[in-house]
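Colleague: Pasting in a structure now, in structure tokens, and then I'll have a few things to ask.
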Amino acid sequence: MRDPYDILGVPKTASADEIRKAYRKLAKECHPDLHPGDEKAERRFKEISGAHGLLSDPDKRKRFDAGEIDAEGHERPEHAYYRTYADGGDGAKYARYGASGGYEDMSDIFRDLFGEGRGPGRGGEGLKMRGGDISYTLDVSFLDAARGTKRRATMADGKTLDISIPEGVRDRQTLRLKGKGMPGIGGGPPGDAYIEVHIQPHAFFTRKDMNVHMTLPISLREAVLGGKVKVPTVSGTVEMTVPKNANTGTTLRLKGRGILDPKSKQKGDQYVRLDVVLPDEPDADLTAFVENWAAGKKHDPRKGMEA
């Protein structure tokens, strides 16, 4: 991923307000809803969202500027090991990071220095320390977050993790993988891995709490005469009845077709906003019909809008 400052087009000295304004401007230009089917625009929107997610978080921005995490928010291995070294007590400072990528067991050296069974800890205790925790970020698609899934992901430091993504996980929610962090020292337990979930935008679904919202295009015939239409939901396609004389902006509810609430175990709803769409190509018969229909009609859709 490119430098987040370059992605948003702001200097490293930019204020939080300048970063927010740059993000909003770019997001409006590249939002998938304005460019349906444009994969390049969708990728650009994801890139912009990722950059804003990092720079809008004061702690992450500080750590990125200090070189502790990369542009995707992944922990740089050397800094994770340093924190474990620096924060450790009871003789952790005597541990040494080896070329093999882990801490070397220096118990033989301690025995030579302090005698059998003694180490640099309090009361002669041997060196034993829990491994450090590691933080990662993981991009998850909208549907995978809504439905839940299992992922095997290779992180920025090369470590491969099996991750269970629970149904209904929220954006920026952190998942804990017990024992998947740094190895322990001298037989100590390993640390944990913390995965921050970044949910990617969907082409037409948006989430508000446990509810899902979308806009559904319908034909003029379906709007006037009504009928059954197929509607995509996060759990699959269903049929929905469009009432006669439906209009753009009419919103219908599909009960229980939203996101699972992990606390109540109930699902939210899906709200479908109708959008009447005319044919792409001019239709002579439709034009003639509307001309005849409109003759003598007193229909003013802009009534009451006078300034």
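Going by the structure tokens order, chains are called A, B, ..., each with residues numbered from 1, while ligands are numbered from 1 in the order shown.
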Excluding Tyr136 in chain A and its own-chain neighbours fewer than 6 positions away, which residues fall within 9 Å of it when counting only C-alpha atoms? Please give them as a list in words.

Modeller: Glu72, Gly73, His74, Glu75, Met155, Ala156, Ala193, Tyr194, Ile195, Glu196 and Val197 of chain A

Colleague: Name the residues in contact with range 175-177 of chain A at a cut-off of 10 Å, using only C-alpha atoms, excluding same-chain residues fewer than 3 positions from it; report them as JSON, numbers by chain.

Modeller: {"A": [133, 134, 135, 136, 137, 161, 162, 163, 164, 165, 166, 169, 172, 180, 181, 191, 192, 193, 194, 195, 196, 197]}

Colleague: From the list A:Gln270, A:Thr149, A:Asn247, A:Ser49, which residue is nearest Thr206 in chain A when using only C-alpha atoms?

Modeller: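 Among A:Gln270, A:Thr149, A:Asn247, A:Ser49, it is A:Gln270 that comes nearest to Thr206 in chain A.
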
Colleague: If I take CA of Arg147 in chain A and CA of Glu167 in chain A, how far is one from the other in Å, to one decimal?

Modeller: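 Answer for the CA of Arg147 in chain A to CA of Glu167 in chain A separation: 4.9 Å.
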
Colleague: Could you give me, as a tab-separated table, every range 137-216 of chain A residue with an atom at most 12 Å from range 28-45 of chain A, plus its closest atom pair and distance in Å to one decimal, counting only C-alpha atoms, rows ordered by chain then number?

Modeller:
residue	atom	partner	partner_atom	distance
A:Gln200	CA	A:Phe45	CA	9.3
A:Pro201	CA	A:Pro32	CA	8.1
A:His202	CA	A:Pro32	CA	7.7
A:Ala203	CA	A:Pro32	CA	5.6
A:Phe204	CA	A:Asp33	CA	6.6
A:Phe205	CA	A:Asp33	CA	9.5
A:Thr206	CA	A:Asp33	CA	10.3
A:Met214	CA	A:Asp33	CA	10.3
A:Thr215	CA	A:Asp33	CA	9.7

Colleague: Residues near range 228-231 of chain A, anyone? I mean within 9 Å using only C-alpha atoms, not counting same-chain ones fewer than 4 positions away, as a PyMOL selection string.

Modeller: chain A and resi 216+218+222+236-243+272

Colleague: Return the single residue from A:Arg221, A:Lys263, A:Arg257, A:His52 that is closest to Leu278 in chain A, with distances computed using only C-alpha atoms.

Modeller: A:Arg221

Colleague: Select, from A:Lys150, A:Gly258, A:Thr233, A:Ser219, the residue with the minimum atom-to-atom distance to Asn245 in chain A, counting only C-alpha atoms.

Modeller: A:Ser219

Colleague: Restricting the calculation to only C-alpha atoms: of A:Ala307, A:Ala66, A:Ile48, A:Leu286, which residue gets closest to Arg2 in chain A?

Modeller: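 Answer, going by the shortest atom-to-atom distance: A:Ile48.
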
Colleague: So what do you get for CA of Asp275 in chain A versus CA of Lys244 in chain A, distance-wise?

Modeller: 14.0 Å

Colleague: Counting only C-alpha atoms, what is within 7 Å of Leu220 in chain A, bar same-chain residues fewer than 4 positions away, as a list in words?

Modeller: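 Skipping anything fewer than 4 positions along the chain leaves Val224, Val276, Val277 and Leu278 of chain A.
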
Colleague: Can those selected residues be exported to a file as a compact mmCIF listing (two decimals), in the first residue's frame so that it contains N, CA and C atoms?

Modeller:
# COMPACT_ATOMS: atom_id res chain seq x y z
N VAL A 224 -45.62 1.16 -12.24
CA VAL A 224 -47.04 1.47 -12.47
C VAL A 224 -47.94 0.30 -12.11
N VAL A 276 -37.10 4.36 -9.92
CA VAL A 276 -37.71 4.09 -11.23
C VAL A 276 -36.74 4.50 -12.32
N VAL A 277 -36.43 3.57 -13.22
CA VAL A 277 -35.44 3.79 -14.26
C VAL A 277 -36.08 3.59 -15.64
N LEU A 278 -35.95 4.58 -16.51
CA LEU A 278 -36.46 4.48 -17.87
C LEU A 278 -35.48 3.71 -18.75

Colleague: Name the residues of range 174-233 of chain A that come out as strand (DSSP E) in a backbone DSSP run; write them as a short mmCIF file (atom, residue, chain, number, x, y, z; two decimals) with C-alpha atoms, in the first residue's frame.

Modeller:
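states_3.cif, freshly written:
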data_model
loop_
_atom_site.label_atom_id
_atom_site.label_comp_id
_atom_site.auth_asym_id
_atom_site.auth_seq_id
_atom_site.Cartn_x
_atom_site.Cartn_y
_atom_site.Cartn_z
CA THR A 174 -10.75 -6.32 17.20
CA LEU A 175 -10.56 -10.12 17.28
CA ARG A 176 -8.23 -11.88 19.71
CA LEU A 177 -6.32 -15.02 18.71
CA ALA A 193 -2.54 -11.76 18.19
CA TYR A 194 -5.09 -8.95 17.87
CA ILE A 195 -6.78 -8.53 14.49
CA GLU A 196 -8.55 -5.25 13.71
CA VAL A 197 -11.22 -5.88 11.06
CA HIS A 198 -11.59 -3.35 8.25
CA ILE A 199 -14.87 -3.95 6.38
CA THR A 206 -24.70 -0.15 3.29
CA ARG A 207 -25.01 -0.96 6.98
CA LYS A 208 -26.63 1.13 9.71
CA ASN A 211 -30.00 -2.95 9.34
CA VAL A 212 -28.97 -3.09 5.70
CA HIS A 213 -29.97 -0.41 3.19
CA MET A 214 -29.92 -0.50 -0.60
CA THR A 215 -31.42 1.18 -3.66
CA LEU A 216 -33.21 -1.12 -6.13
CA PRO A 217 -33.78 -0.02 -9.76
CA ILE A 218 -37.24 -0.93 -11.12
CA GLY A 227 -45.56 -7.08 -9.10
CA LYS A 228 -42.88 -9.35 -7.72
CA VAL A 229 -39.20 -8.55 -8.23
CA LYS A 230 -36.00 -10.29 -7.14
CA VAL A 231 -33.96 -8.50 -4.49
CA PRO A 232 -30.40 -9.35 -3.35
CA THR A 233 -29.87 -9.61 0.41
#

Colleague: Which residue gives the smallest distance to Leu138 in chain A among A:Gly188, A:Asp3, A:Gly50, A:Asn292, with only C-alpha atoms counted?

Modeller: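 Among the listed residues, the smallest separation from Leu138 in chain A belongs to A:Gly50.
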
Colleague: What separation in Å, quoted to one decimal, exists between CA of Leu252 in chain A and CA of Ser235 in chain A?

Modeller: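 Between CA of Leu252 in chain A and CA of Ser235 in chain A the gap works out to 17.4 Å.
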
Colleague: Quick one: everything within 10 Å of Gly184 in chain A, counting only C-alpha atoms, minus sequence neighbours fewer than 2 positions away in the same chain. Send it as a list in words.

Modeller: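 Near Gly184 in chain A, the qualifying residues are Thr84, Gly102, Tyr103, Lys128, Met129, Arg130, Gly131, Gly132, Gly179, Gly181, Met182, Gly186, Gly187, Gly188, Pro189, Pro190 and Gly191 of chain A.
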
Colleague: With N, CA and C atoms retained, export the selected residues as a JSON list (two decimals), in the first residue's frame.

Modeller:
[["chain", "number", "residue", "atom", "x", "y", "z"],
["A", 84, "THR", "N", 8.48, -6.07, 23.54],
["A", 84, "THR", "CA", 8.52, -7.19, 24.47],
["A", 84, "THR", "C", 9.78, -7.14, 25.32],
["A", 102, "GLY", "N", 13.54, -15.40, 16.74],
["A", 102, "GLY", "CA", 12.92, -15.52, 18.05],
["A", 102, "GLY", "C", 13.94, -15.25, 19.14],
["A", 103, "TYR", "N", 13.48, -15.32, 20.37],
["A", 103, "TYR", "CA", 14.41, -15.09, 21.47],
["A", 103, "TYR", "C", 15.21, -16.36, 21.75],
["A", 128, "LYS", "N", 11.81, -16.64, 32.72],
["A", 128, "LYS", "CA", 10.60, -17.17, 32.11],
["A", 128, "LYS", "C", 9.64, -16.02, 31.91],
["A", 129, "MET", "N", 9.24, -15.83, 30.66],
["A", 129, "MET", "CA", 8.45, -14.63, 30.37],
["A", 129, "MET", "C", 7.45, -14.90, 29.26],
["A", 130, "ARG", "N", 6.26, -14.32, 29.41],
["A", 130, "ARG", "CA", 5.22, -14.44, 28.38],
["A", 130, "ARG", "C", 5.65, -13.67, 27.14],
["A", 131, "GLY", "N", 5.33, -14.21, 25.97],
["A", 131, "GLY", "CA", 5.66, -13.54, 24.72],
["A", 131, "GLY", "C", 4.82, -12.29, 24.52],
["A", 132, "GLY", "N", 5.28, -11.42, 23.66],
["A", 132, "GLY", "CA", 4.57, -10.17, 23.39],
["A", 132, "GLY", "C", 3.36, -10.38, 22.49],
["A", 179, "GLY", "N", -2.66, -16.99, 22.05],
["A", 179, "GLY", "CA", -1.47, -17.80, 21.84],
["A", 179, "GLY", "C", -0.86, -17.68, 20.46],
["A", 181, "GLY", "N", 0.63, -14.87, 19.28],
["A", 181, "GLY", "CA", 1.55, -13.74, 19.24],
["A", 181, "GLY", "C", 3.00, -14.20, 19.26],
["A", 182, "MET", "N", 3.87, -13.41, 19.89],
["A", 182, "MET", "CA", 5.29, -13.73, 19.96],
["A", 182, "MET", "C", 5.51, -14.94, 20.88],
["A", 186, "GLY", "N", 12.10, -18.71, 27.67],
["A", 186, "GLY", "CA", 12.43, -19.67, 28.74],
["A", 186, "GLY", "C", 11.26, -20.53, 29.13],
["A", 187, "GLY", "N", 10.42, -20.93, 28.16],
["A", 187, "GLY", "CA", 9.29, -21.79, 28.47],
["A", 187, "GLY", "C", 8.02, -21.02, 28.84],
["A", 188, "GLY", "N", 8.07, -19.68, 28.77],
["A", 188, "GLY", "CA", 6.88, -18.89, 29.06],
["A", 188, "GLY", "C", 5.85, -19.03, 27.95],
["A", 189, "PRO", "N", 4.58, -18.73, 28.23],
["A", 189, "PRO", "CA", 3.53, -18.87, 27.23],
["A", 189, "PRO", "C", 3.65, -17.83, 26.13],
["A", 190, "PRO", "N", 3.14, -18.13, 24.93],
["A", 190, "PRO", "CA", 3.18, -17.14, 23.85],
["A", 190, "PRO", "C", 2.18, -16.02, 24.10],
["A", 191, "GLY", "N", 2.40, -14.90, 23.44],
["A", 191, "GLY", "CA", 1.44, -13.79, 23.52],
["A", 191, "GLY", "C", 0.26, -14.04, 22.61]]

Colleague: Assign secondary structure with DSSP using the backbone only, and return the residues of range 143-227 of chain A in alpha helix (DSSP H) as a PyMOL selection string.

Modeller: chain A and resi 143-147+220-225

Colleague: Which of these residues is nearest to Lys265 in chain A, using only C-alpha atoms: A:Met210, A:Ile7, A:Ala153, A:Ile69?

Modeller: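 Once distances to Lys265 in chain A are computed over only C-alpha atoms, the minimum belongs to A:Met210.
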